[in-house]
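Q: The following file, query21.txt, comprises compact mmCIF, C-alpha atoms and all ligand atoms:
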# COMPACT_ATOMS: atom_id res chain seq x y z
CA MET A 1 22.83 6.39 -0.95
CA LEU A 2 22.19 4.29 -4.05
CA GLN A 3 20.29 1.01 -4.21
CA ARG A 4 22.40 -1.75 -2.63
CA THR A 5 22.70 -4.23 -5.47
CA SER A 6 21.44 -2.39 -8.52
CA ASN A 7 24.74 -0.88 -9.76
CA LYS A 8 23.21 2.58 -10.10
CA ARG A 9 20.42 1.31 -12.32
CA ALA A 10 17.10 3.14 -12.10
CA ILE A 11 13.98 2.31 -10.07
CA LEU A 12 10.61 1.57 -11.69
CA VAL A 13 7.41 2.02 -9.67
CA THR A 14 4.24 0.49 -11.15
CA GLY A 15 0.83 1.78 -10.04
CA ALA A 16 2.78 4.91 -9.07
CA PHE A 17 -0.16 7.32 -8.80
CA GLY A 18 -2.28 5.28 -6.38
CA GLN A 19 -2.53 5.74 -2.60
CA ILE A 20 0.89 4.28 -1.74
CA GLY A 21 2.78 5.08 -4.95
CA SER A 22 1.97 8.79 -4.87
CA GLU A 23 3.89 9.04 -1.57
CA LEU A 24 6.52 6.34 -2.24
CA VAL A 25 7.71 7.96 -5.49
CA PRO A 26 8.71 11.33 -3.92
CA LEU A 27 10.45 9.48 -1.10
CA LEU A 28 12.44 7.32 -3.54
CA GLN A 29 13.29 10.44 -5.55
CA ARG A 30 14.63 12.21 -2.45
CA ARG A 31 16.63 9.15 -1.41
CA TYR A 32 18.02 7.93 -4.74
CA GLY A 33 17.81 11.03 -6.97
CA ILE A 34 14.86 12.34 -8.96
CA GLU A 35 16.45 11.22 -12.24
CA ASN A 36 16.78 7.63 -10.96
CA VAL A 37 13.07 7.00 -10.44
CA VAL A 38 10.56 6.17 -13.19
CA ALA A 39 6.93 6.56 -12.05
CA SER A 40 4.62 4.40 -14.17
CA ASP A 41 0.87 3.90 -14.16
CA LEU A 42 -2.07 3.40 -16.50
CA ARG A 43 -3.19 6.95 -15.72
CA ARG A 44 -1.47 10.34 -15.40
CA PRO A 45 -0.81 11.87 -11.94
CA ALA A 46 -3.68 13.80 -10.33
CA ARG A 47 -1.49 16.76 -9.29
CA CYS A 48 1.33 18.68 -10.94
CA VAL A 49 4.76 17.11 -10.71
CA ALA A 50 8.22 18.65 -11.04
CA ASN A 51 9.77 18.92 -14.51
CA LYS A 52 12.46 16.33 -14.13
CA VAL A 53 10.11 13.56 -12.94
CA ARG A 54 10.30 10.58 -15.26
CA ILE A 55 6.74 9.44 -16.01
CA GLU A 56 5.86 6.40 -18.09
CA THR A 57 2.39 5.30 -19.11
CA LEU A 58 2.60 1.55 -18.61
CA ASP A 59 -0.01 -1.21 -18.55
CA CYS A 60 1.45 -4.05 -16.46
CA ILE A 61 -0.76 -6.56 -18.23
CA ASP A 62 1.18 -5.88 -21.46
CA PHE A 63 4.32 -8.02 -21.16
CA GLU A 64 6.18 -6.43 -24.11
CA ALA A 65 5.52 -2.97 -22.67
CA VAL A 66 6.88 -4.00 -19.25
CA LEU A 67 10.00 -5.52 -20.84
CA ASP A 68 10.49 -2.45 -23.01
CA ALA A 69 10.19 -0.05 -20.05
CA VAL A 70 12.68 -2.07 -17.98
CA ARG A 71 15.19 -2.17 -20.86
CA ARG A 72 14.77 1.44 -22.01
CA HIS A 73 15.15 2.94 -18.54
CA ASN A 74 17.91 0.54 -17.42
CA ILE A 75 15.83 -0.55 -14.43
CA GLY A 76 17.52 -2.32 -11.50
CA THR A 77 14.67 -2.38 -8.96
CA ILE A 78 10.90 -2.61 -9.44
CA TYR A 79 8.38 -1.57 -6.79
CA HIS A 80 5.33 -3.36 -8.16
CA LEU A 81 2.30 -1.58 -6.68
CA ALA A 82 -0.22 -1.94 -9.53
CA ALA A 83 -3.11 -4.14 -8.37
CA MET A 84 -6.85 -4.21 -7.97
CA LEU A 85 -7.79 -3.94 -4.27
CA SER A 86 -10.11 -6.18 -2.25
CA ALA A 87 -13.56 -4.62 -2.68
CA THR A 88 -13.07 -3.72 -6.37
CA ALA A 89 -11.61 -7.16 -7.10
CA GLU A 90 -14.76 -8.82 -5.70
CA ARG A 91 -16.81 -6.82 -8.19
CA GLU A 92 -14.55 -7.76 -11.13
CA PRO A 93 -12.71 -10.97 -10.23
CA GLN A 94 -11.76 -11.87 -13.81
CA ILE A 95 -10.07 -8.51 -14.42
CA ALA A 96 -8.50 -8.64 -10.96
CA TRP A 97 -6.91 -12.00 -11.72
CA ARG A 98 -5.44 -10.68 -14.98
CA LEU A 99 -3.99 -7.60 -13.30
CA ASN A 100 -2.90 -9.01 -9.94
CA MET A 101 -1.44 -12.28 -11.26
CA GLY A 102 -0.66 -11.39 -14.88
CA GLY A 103 0.93 -8.06 -13.95
CA LEU A 104 3.09 -9.65 -11.25
CA HIS A 105 4.16 -12.48 -13.54
CA ASN A 106 5.18 -9.96 -16.22
CA VAL A 107 7.19 -7.96 -13.68
CA LEU A 108 8.94 -11.07 -12.36
CA GLU A 109 9.75 -12.26 -15.87
CA ALA A 110 11.19 -8.85 -16.75
CA ALA A 111 13.16 -8.99 -13.47
CA ARG A 112 14.48 -12.43 -14.42
CA GLN A 113 15.55 -11.30 -17.89
CA TYR A 114 17.15 -8.04 -16.76
CA GLY A 115 18.34 -9.03 -13.26
CA CYS A 116 16.14 -6.63 -11.25
CA ARG A 117 15.20 -6.64 -7.58
CA VAL A 118 11.43 -6.65 -6.87
CA PHE A 119 9.25 -5.29 -4.06
CA PHE A 120 5.78 -6.87 -3.84
CA PRO A 121 3.14 -5.61 -1.36
CA SER A 122 0.96 -8.39 0.01
CA THR A 123 -1.81 -7.81 2.55
CA ILE A 124 -3.76 -9.02 5.58
CA GLY A 125 -6.19 -10.18 2.85
CA ALA A 126 -3.77 -13.04 2.16
CA PHE A 127 -5.25 -14.71 5.26
CA GLY A 128 -8.71 -16.23 5.51
CA PRO A 129 -11.39 -17.46 7.92
CA SER A 130 -9.38 -20.57 8.92
CA THR A 131 -6.36 -18.44 9.92
CA PRO A 132 -5.98 -17.66 13.66
CA ARG A 133 -7.54 -14.17 13.93
CA GLU A 134 -5.70 -12.82 16.97
CA GLN A 135 -1.97 -12.17 16.73
CA THR A 136 -1.93 -13.92 13.34
CA PRO A 137 1.49 -15.58 13.10
CA GLN A 138 4.03 -14.99 10.32
CA VAL A 139 3.71 -18.60 9.14
CA THR A 140 0.18 -19.95 9.39
CA ILE A 141 -2.82 -21.20 7.41
CA GLN A 142 -3.49 -19.06 4.30
CA ARG A 143 -6.80 -20.02 2.70
CA PRO A 144 -8.34 -16.64 1.71
CA THR A 145 -11.90 -16.56 0.39
CA THR A 146 -11.58 -13.42 -1.75
CA LEU A 147 -10.11 -13.20 -5.24
CA TYR A 148 -7.81 -10.43 -3.96
CA GLY A 149 -6.51 -12.73 -1.23
CA VAL A 150 -6.07 -15.64 -3.64
CA THR A 151 -3.94 -13.47 -5.95
CA LYS A 152 -1.87 -12.16 -3.02
CA VAL A 153 -1.09 -15.63 -1.61
CA ALA A 154 -0.26 -16.85 -5.10
CA GLY A 155 1.84 -13.69 -5.54
CA GLU A 156 3.80 -14.36 -2.35
CA LEU A 157 4.50 -17.90 -3.54
CA LEU A 158 5.41 -16.79 -7.06
CA CYS A 159 7.89 -14.24 -5.65
CA ASP A 160 9.41 -16.98 -3.45
CA TYR A 161 9.64 -19.21 -6.52
CA TYR A 162 11.51 -16.57 -8.57
CA ALA A 163 13.89 -16.06 -5.63
CA SER A 164 14.69 -19.74 -5.14
CA ARG A 165 14.56 -20.84 -8.78
CA TYR A 166 16.22 -17.85 -10.46
CA GLY A 167 17.97 -16.03 -7.62
CA ILE A 168 15.85 -12.88 -8.06
CA ASP A 169 15.95 -10.66 -4.96
CA THR A 170 12.19 -10.44 -4.25
CA ARG A 171 10.93 -8.96 -0.97
CA GLY A 172 7.43 -8.30 0.36
CA LEU A 173 5.29 -7.00 3.20
CA ARG A 174 1.84 -8.08 4.33
CA LEU A 175 0.40 -4.62 4.84
CA PRO A 176 -2.68 -3.90 6.96
CA GLY A 177 -5.11 -1.09 6.04
CA VAL A 178 -3.12 2.00 5.08
CA ILE A 179 -4.27 5.40 6.42
CA SER A 180 -3.08 8.53 4.61
CA TYR A 181 -4.28 12.02 3.66
CA LEU A 182 -2.64 12.77 0.30
CA THR A 183 -4.30 10.36 -2.15
CA ALA A 184 -7.66 8.64 -1.72
CA PRO A 185 -7.57 4.87 -1.18
CA GLY A 186 -8.35 2.74 -4.22
CA GLY A 187 -11.24 0.42 -3.33
CA GLY A 188 -10.13 -1.59 -0.30
CA THR A 189 -12.10 -2.89 2.69
CA THR A 190 -10.25 -0.57 5.09
CA ASP A 191 -11.02 2.65 3.13
CA TYR A 192 -13.57 3.64 5.80
CA ALA A 193 -10.79 4.57 8.22
CA VAL A 194 -9.48 7.22 5.80
CA GLU A 195 -12.97 8.43 4.86
CA MET A 196 -13.79 9.05 8.54
CA PHE A 197 -11.11 11.74 8.79
CA HIS A 198 -12.36 13.51 5.64
CA TYR A 199 -15.94 13.57 6.96
CA ALA A 200 -14.76 14.82 10.36
CA VAL A 201 -12.90 17.76 8.76
CA ARG A 202 -15.99 18.64 6.68
CA GLY A 203 -18.18 18.49 9.81
CA GLU A 204 -20.32 15.65 8.44
CA THR A 205 -21.60 12.39 9.99
CA TYR A 206 -19.73 9.43 8.54
CA PRO A 207 -21.82 6.46 7.29
CA CYS A 208 -19.47 3.57 8.12
CA PHE A 209 -19.79 0.52 5.85
CA LEU A 210 -18.51 -1.96 8.50
CA THR A 211 -20.11 -2.83 11.87
CA ASP A 212 -18.96 -1.04 15.02
CA HIS A 213 -17.27 -4.17 16.40
CA THR A 214 -15.11 -4.92 13.32
CA ARG A 215 -11.49 -4.88 14.47
CA LEU A 216 -8.73 -4.66 11.84
CA ASP A 217 -5.05 -3.72 11.69
CA PHE A 218 -3.79 -0.38 10.34
CA MET A 219 -0.62 1.57 9.65
CA TYR A 220 -0.09 5.26 8.96
CA MET A 221 1.57 6.05 5.62
CA PRO A 222 4.92 7.34 7.00
CA ASP A 223 5.38 3.97 8.74
CA VAL A 224 4.39 2.09 5.56
CA LEU A 225 7.00 3.96 3.54
CA ARG A 226 9.68 3.41 6.17
CA ALA A 227 8.86 -0.30 6.32
CA ILE A 228 9.19 -0.62 2.53
CA LEU A 229 12.56 1.17 2.40
CA THR A 230 13.96 -0.58 5.47
CA LEU A 231 13.05 -4.00 4.10
CA MET A 232 14.52 -3.21 0.68
CA GLU A 233 17.78 -2.01 2.25
CA ALA A 234 18.03 -4.86 4.79
CA ASP A 235 20.85 -7.38 4.67
CA GLU A 236 19.57 -10.26 2.54
CA GLN A 237 21.27 -12.82 4.81
CA ARG A 238 19.00 -11.78 7.69
CA LEU A 239 15.72 -12.33 5.85
CA ARG A 240 14.21 -15.64 6.94
CA HIS A 241 10.95 -14.83 5.11
CA ARG A 242 11.06 -13.02 1.83
CA ASN A 243 7.43 -12.93 0.82
CA ALA A 244 5.99 -11.58 2.80
CA TYR A 245 6.61 -10.10 6.28
CA ASN A 246 3.68 -9.29 8.61
CA VAL A 247 3.88 -5.61 9.65
CA THR A 248 1.40 -3.58 11.67
CA ALA A 249 1.05 -0.59 13.98
CA MET A 250 -2.45 -0.64 15.50
CA SER A 251 -5.53 -2.83 15.76
CA LEU A 252 -8.72 -0.69 15.74
CA THR A 253 -12.52 -0.71 15.58
CA PRO A 254 -14.45 2.17 13.93
CA PRO A 255 -15.67 3.56 17.32
CA GLU A 256 -12.07 3.64 18.59
CA ILE A 257 -10.99 5.77 15.61
CA ALA A 258 -14.08 7.99 16.01
CA ALA A 259 -13.41 8.50 19.74
CA GLU A 260 -9.86 9.66 19.00
CA ILE A 261 -11.11 12.02 16.25
CA ARG A 262 -13.66 13.46 18.73
CA LYS A 263 -10.80 14.62 20.98
CA HIS A 264 -10.09 17.17 18.20
CA VAL A 265 -13.52 17.43 16.51
CA PRO A 266 -15.97 17.06 19.45
CA HIS A 267 -19.18 16.90 17.38
CA PHE A 268 -17.97 14.20 14.98
CA SER A 269 -20.42 11.31 14.72
CA VAL A 270 -20.61 7.98 12.90
CA SER A 271 -23.67 6.08 11.69
CA TYR A 272 -23.50 2.46 10.56
CA LYS A 273 -24.73 1.48 7.10
CA VAL A 274 -23.18 -1.94 6.62
CA ASP A 275 -22.10 -3.07 3.17
CA ARG A 276 -22.50 -6.87 3.10
CA THR A 277 -19.72 -7.58 0.61
CA ARG A 278 -17.08 -5.55 2.44
CA GLN A 279 -18.27 -6.82 5.85
CA ALA A 280 -17.87 -10.42 4.62
CA ILE A 281 -14.32 -9.60 3.47
CA ALA A 282 -13.44 -7.97 6.81
CA ASN A 283 -14.90 -10.91 8.77
CA ALA A 284 -12.44 -13.25 7.05
CA TRP A 285 -9.37 -11.11 7.89
CA PRO A 286 -7.17 -11.09 11.01
CA SER A 287 -8.00 -8.60 13.76
CA SER A 288 -4.35 -8.29 14.79
CA LEU A 289 -1.03 -9.41 13.29
CA ASP A 290 2.07 -10.78 14.97
CA ASP A 291 4.90 -8.82 13.33
CA SER A 292 7.73 -10.15 15.52
CA ALA A 293 9.57 -11.76 12.57
CA ALA A 294 9.92 -8.33 10.89
CA ARG A 295 11.03 -6.79 14.21
CA ILE A 296 13.72 -9.45 14.70
CA ASP A 297 14.95 -9.84 11.11
CA TRP A 298 15.21 -6.22 9.95
CA GLY A 299 14.38 -4.05 12.95
CA TRP A 300 10.78 -3.09 12.09
CA ARG A 301 9.14 -0.68 14.58
CA PRO A 302 6.10 1.54 13.92
CA THR A 303 6.38 5.15 15.07
CA PHE A 304 2.74 6.33 14.81
CA ASP A 305 0.05 5.15 17.23
CA LEU A 306 -3.65 6.11 16.99
CA ALA A 307 -3.23 9.38 18.91
CA ASP A 308 -0.22 10.63 16.87
CA MET A 309 -1.76 9.58 13.57
CA THR A 310 -5.14 11.22 14.31
CA LYS A 311 -3.53 14.53 15.26
CA HIS A 312 -1.34 14.54 12.14
CA MET A 313 -4.13 13.44 9.75
CA LEU A 314 -6.50 16.15 11.01
CA GLN A 315 -3.80 18.85 10.85
CA GLN A 316 -2.91 17.92 7.26
CA LEU A 317 -6.52 17.64 6.05
CA SER A 318 -7.59 20.86 7.79
CA SER A 319 -4.74 22.85 6.29
CA SER A 320 -5.37 21.46 2.79
CA SER A 321 -9.11 22.23 3.05
CA ARG A 322 -8.21 25.76 4.30
CA ARG A 323 -5.91 26.19 1.29
CA MET A 324 -8.69 25.06 -1.09
CA THR A 325 -11.17 27.54 0.47
CA GLU A 326 -8.62 30.37 0.24
CA ASN A 327 -7.92 29.53 -3.41
CA ARG A 328 -11.67 29.48 -4.18
CA LEU A 329 -12.16 32.86 -2.46
CA LEU A 330 -9.13 34.26 -4.29
CA SER A 331 -10.36 33.12 -7.70
CA ALA A 332 -13.89 34.45 -6.92
CA THR A 333 -12.50 37.93 -6.12
CA HIS A 334 -10.59 37.90 -9.43
CA GLN A 335 -13.68 37.19 -11.53
N1 LIG A 401 -3.76 0.73 0.42
C1 LIG A 401 -3.86 -0.29 1.26
O1 LIG A 401 -4.54 -0.18 2.29
C2 LIG A 401 -3.10 -1.57 0.97
C3 LIG A 401 -3.05 -2.56 1.97
C4 LIG A 401 -2.38 -3.73 1.71
C5 LIG A 401 -1.74 -3.92 0.47
N2 LIG A 401 -1.82 -2.96 -0.47
C6 LIG A 401 -1.17 -3.22 -1.76
O2 LIG A 401 -0.32 -2.13 -2.10
C7 LIG A 401 -0.34 -1.93 -3.52
C8 LIG A 401 -0.67 -0.48 -3.82
O3 LIG A 401 -1.90 -0.19 -3.22
P1 LIG A 401 -2.60 1.25 -3.37
O4 LIG A 401 -3.46 1.39 -2.17
O5 LIG A 401 -1.62 2.29 -3.70
O6 LIG A 401 -3.55 0.95 -4.60
P2 LIG A 401 -4.36 2.02 -5.50
O7 LIG A 401 -5.59 1.32 -5.99
O8 LIG A 401 -4.50 3.30 -4.79
O9 LIG A 401 -3.36 2.24 -6.72
C9 LIG A 401 -3.14 1.24 -7.69
C10 LIG A 401 -2.63 1.92 -8.95
O10 LIG A 401 -2.44 0.92 -9.94
C11 LIG A 401 -2.82 1.49 -11.19
N3 LIG A 401 -3.17 0.43 -12.15
C12 LIG A 401 -4.34 -0.22 -12.29
N4 LIG A 401 -4.28 -1.09 -13.31
C13 LIG A 401 -3.02 -1.00 -13.82
C14 LIG A 401 -2.35 -1.64 -14.91
N5 LIG A 401 -2.96 -2.57 -15.67
N6 LIG A 401 -1.07 -1.29 -15.16
C15 LIG A 401 -0.45 -0.34 -14.40
N7 LIG A 401 -1.05 0.31 -13.38
C16 LIG A 401 -2.32 -0.03 -13.10
C17 LIG A 401 -4.00 2.39 -10.87
O11 LIG A 401 -4.18 3.38 -11.88
C18 LIG A 401 -3.58 2.96 -9.51
O12 LIG A 401 -2.93 4.21 -9.65
C19 LIG A 401 -1.34 -2.93 -4.09
O13 LIG A 401 -0.65 -4.06 -4.55
C20 LIG A 401 -2.18 -3.32 -2.90
O14 LIG A 401 -2.69 -4.62 -3.01
C21 LIG A 401 -2.48 -1.78 -0.25
Would it be possible to restate this file's structure as structure tokens?

A:
Amino acid sequence: MLQRTSNKRAILVTGAFGQIGSELVPLLQRRYGIENVVASDLRRPARCVANKVRIETLDCIDFEAVLDAVRRHNIGTIYHLAAMLSATAEREPQIAWRLNMGGLHNVLEAARQYGCRVFFPSTIGAFGPSTPREQTPQVTIQRPTTLYGVTKVAGELLCDYYASRYGIDTRGLRLPGVISYLTAPGGGTTDYAVEMFHYAVRGETYPCFLTDHTRLDFMYMPDVLRAILTLMEADEQRLRHRNAYNVTAMSLTPPEIAAEIRKHVPHFSVSYKVDRTRQAIANAWPSSLDDSAARIDWGWRPTFDLADMTKHMLQQLSSSSRRMTENRLLSATHQ
């Protein structure tokens, strides 16, 4: 099936080799054809990719380069993933502003000039300490205290503006922490949840950088990808909120994740070595989201709970670490 309104024009993914992009790109290729997807990033992919994959080195901060890529590849839809995440953005707020706001503005301008649809991922970081923390509503107070959050709220508003002012089909999700095994997370406050699984598989104690009572929302990558595609294929008439829909699957503390891991890795343990910057960020975020608007408007439903996700994560990480050990042994015997 081809993109609904793009008249067979190609798809551009920015930030394509990060945690989400490296799994979204293959999914888009399978769904819309490998030749119809252009994977762009500042850097080259970490692992080998098939021959036909269209790769573009693209800096989203460079407006002419974004315009040129959209024109040259006849782009009809842009999945704009390139951004600096919460913890990294607090270290370099000036650069984060240029990338998160400047990059989005460039993408929206290119979309305006060439009539593209745009997907924009927002975050639970778009809320702040004055937002209701439990069951955070779809429409509520958004006064974030991090630079990341400021750029994401402004991004949601800018996407709404391009939709109402210029008729650009912009759509977005407020994603919670994303847990996945394929590509390491890129400097967010919820990275600890992913790191825990890696330590468990290696048989090491995990030094958690948040306190044991920090409760945050999470989703497993297959649900994230399904949410993105379902939203992008949803009937526009049904979308009461474009930018951005709350989505979530589970609300967890570090000990809850550890306890589930221990059902498979009984000796796994966690110590707590709190990082003040990331703890302050987490303290200002919701502990659970109300995603009923997404459920009603476009049928959102998560499929992975903590138990399913933990089993799958550990299976995938164990088999990839087994493969690496076998490869090392194989190359040692050939020396
Ligand atoms: N991963 C999460 O837990 C999470 C949660 C909520 C929202 N999001 C949002 O989803 C999007 C993707 O997140 P991710 O986790 O894949 O991030 P990531 O940090 O893993 O990947 C971002 C990618 O952007 C690229 N990039 C950096 N500067 C660039 C530039 N100037 N031009 C082009 N590319 C550039 C990086 O090389 C990297 O590959 C981001 O907008 C993020 O805010 C992520």

Q: For ligand LIG 401 (chain A), collect every residue having any atom at a distance of at most 7 Å from a ligand atom (counting all atoms listed in the file); output as an NGL selection string.

A: :A and (14-21 or 40-43 or 58-61 or 81-85 or 99 or 103 or 121-124 or 174-179 or 184-188 or 190)

Q: Write out as a PyMOL selection string the residues lying within 8 Å of stretch 161-169 of chain A, counting all atoms listed in the file and excluding same-chain residues fewer than 6 positions away.

A: chain A and resi 108+111-112+115-118

Q: Take the residues that were just selected and, keeping C-alpha atoms, output them as a PDB file, keeping the file's coordinate frame.

A:
ATOM      1  CA  LEU A 108       8.940 -11.070 -12.360  1.00  0.00           C
ATOM      2  CA  ALA A 111      13.160  -8.990 -13.470  1.00  0.00           C
ATOM      3  CA  ARG A 112      14.480 -12.430 -14.420  1.00  0.00           C
ATOM      4  CA  GLY A 115      18.340  -9.030 -13.260  1.00  0.00           C
ATOM      5  CA  CYS A 116      16.140  -6.630 -11.250  1.00  0.00           C
ATOM      6  CA  ARG A 117      15.200  -6.640  -7.580  1.00  0.00           C
ATOM      7  CA  VAL A 118      11.430  -6.650  -6.870  1.00  0.00           C
TER       8      VAL A 118
END

Q: With a distance cut-off of 6 Å and all atoms listed in the file, select the neighbouring residues of stretch 207-218 of chain A, excluding the residue or stretch itself and same-chain residues fewer than 6 positions from it, and output the selection as number ranges by chain.

A: A: 176-178, 250-254, 270-275, 279, 287-288

Q: Which polymer residues have any atom within 12 Å of an atom of A:Met313, counting only C-alpha atoms, with same-chain residues fewer than 5 positions away left out, as a list in words?

A: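 Contacts, in chain order: Ile179, Ser180, Tyr181, Leu182, Ala193, Val194, Glu195, Met196, Phe197, His198, Ala200, Val201, Tyr220, Met221, Pro222, Ile257, Glu260, Ile261, His264, Phe304, Asp305, Leu306, Ala307, Asp308, Ser318, Ser319 and Ser320 of chain A.
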
Q: In Å, how far is it from atom CA of A:Arg295 to atom CA of A:Ala227?

A: 10.4 Å

Q: Given all atoms listed in the file as the basis, pick out the residue of A:Lys263, A:His105, A:Lys52, A:Arg143 nearest to A:Leu67.

A: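 So, comparing all the options, the nearest one is A:His105.
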
Q: Give me, please, the distance in Å between atom CA of A:Arg91 and atom CA of A:Arg278, quoted to one decimal.

A: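 Value for the atom CA of A:Arg91-atom CA of A:Arg278 distance: 10.7 Å.
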
Q: Mind listing whatever residues come within 6 Å of the point (17.2, 5.8, -13.4)? Use only C-alpha atoms, file coordinates, and give them as an MDAnalysis selection string.

A: chainID A and resid 9:11 35:37

Q: Go ahead and write the residues just picked, C-alpha atoms, as a PDB file, in the frame of the given file.

A:
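Result written to selection-v7.pdb:
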ATOM      1  CA  ARG A   9      20.420   1.310 -12.320  1.00  0.00           C
ATOM      2  CA  ALA A  10      17.100   3.140 -12.100  1.00  0.00           C
ATOM      3  CA  ILE A  11      13.980   2.310 -10.070  1.00  0.00           C
ATOM      4  CA  GLU A  35      16.450  11.220 -12.240  1.00  0.00           C
ATOM      5  CA  ASN A  36      16.780   7.630 -10.960  1.00  0.00           C
ATOM      6  CA  VAL A  37      13.070   7.000 -10.440  1.00  0.00           C
TER       7      VAL A  37
END

Q: In Å, how far is it from atom CA of A:Thr170 to atom CA of A:Gly76?

A: 12.1 Å

Q: Go through A:His80, A:Pro286, A:Leu12, A:Phe63 and flag the residue nearest A:Ile34, using only C-alpha atoms for the distances.

A: A:Leu12
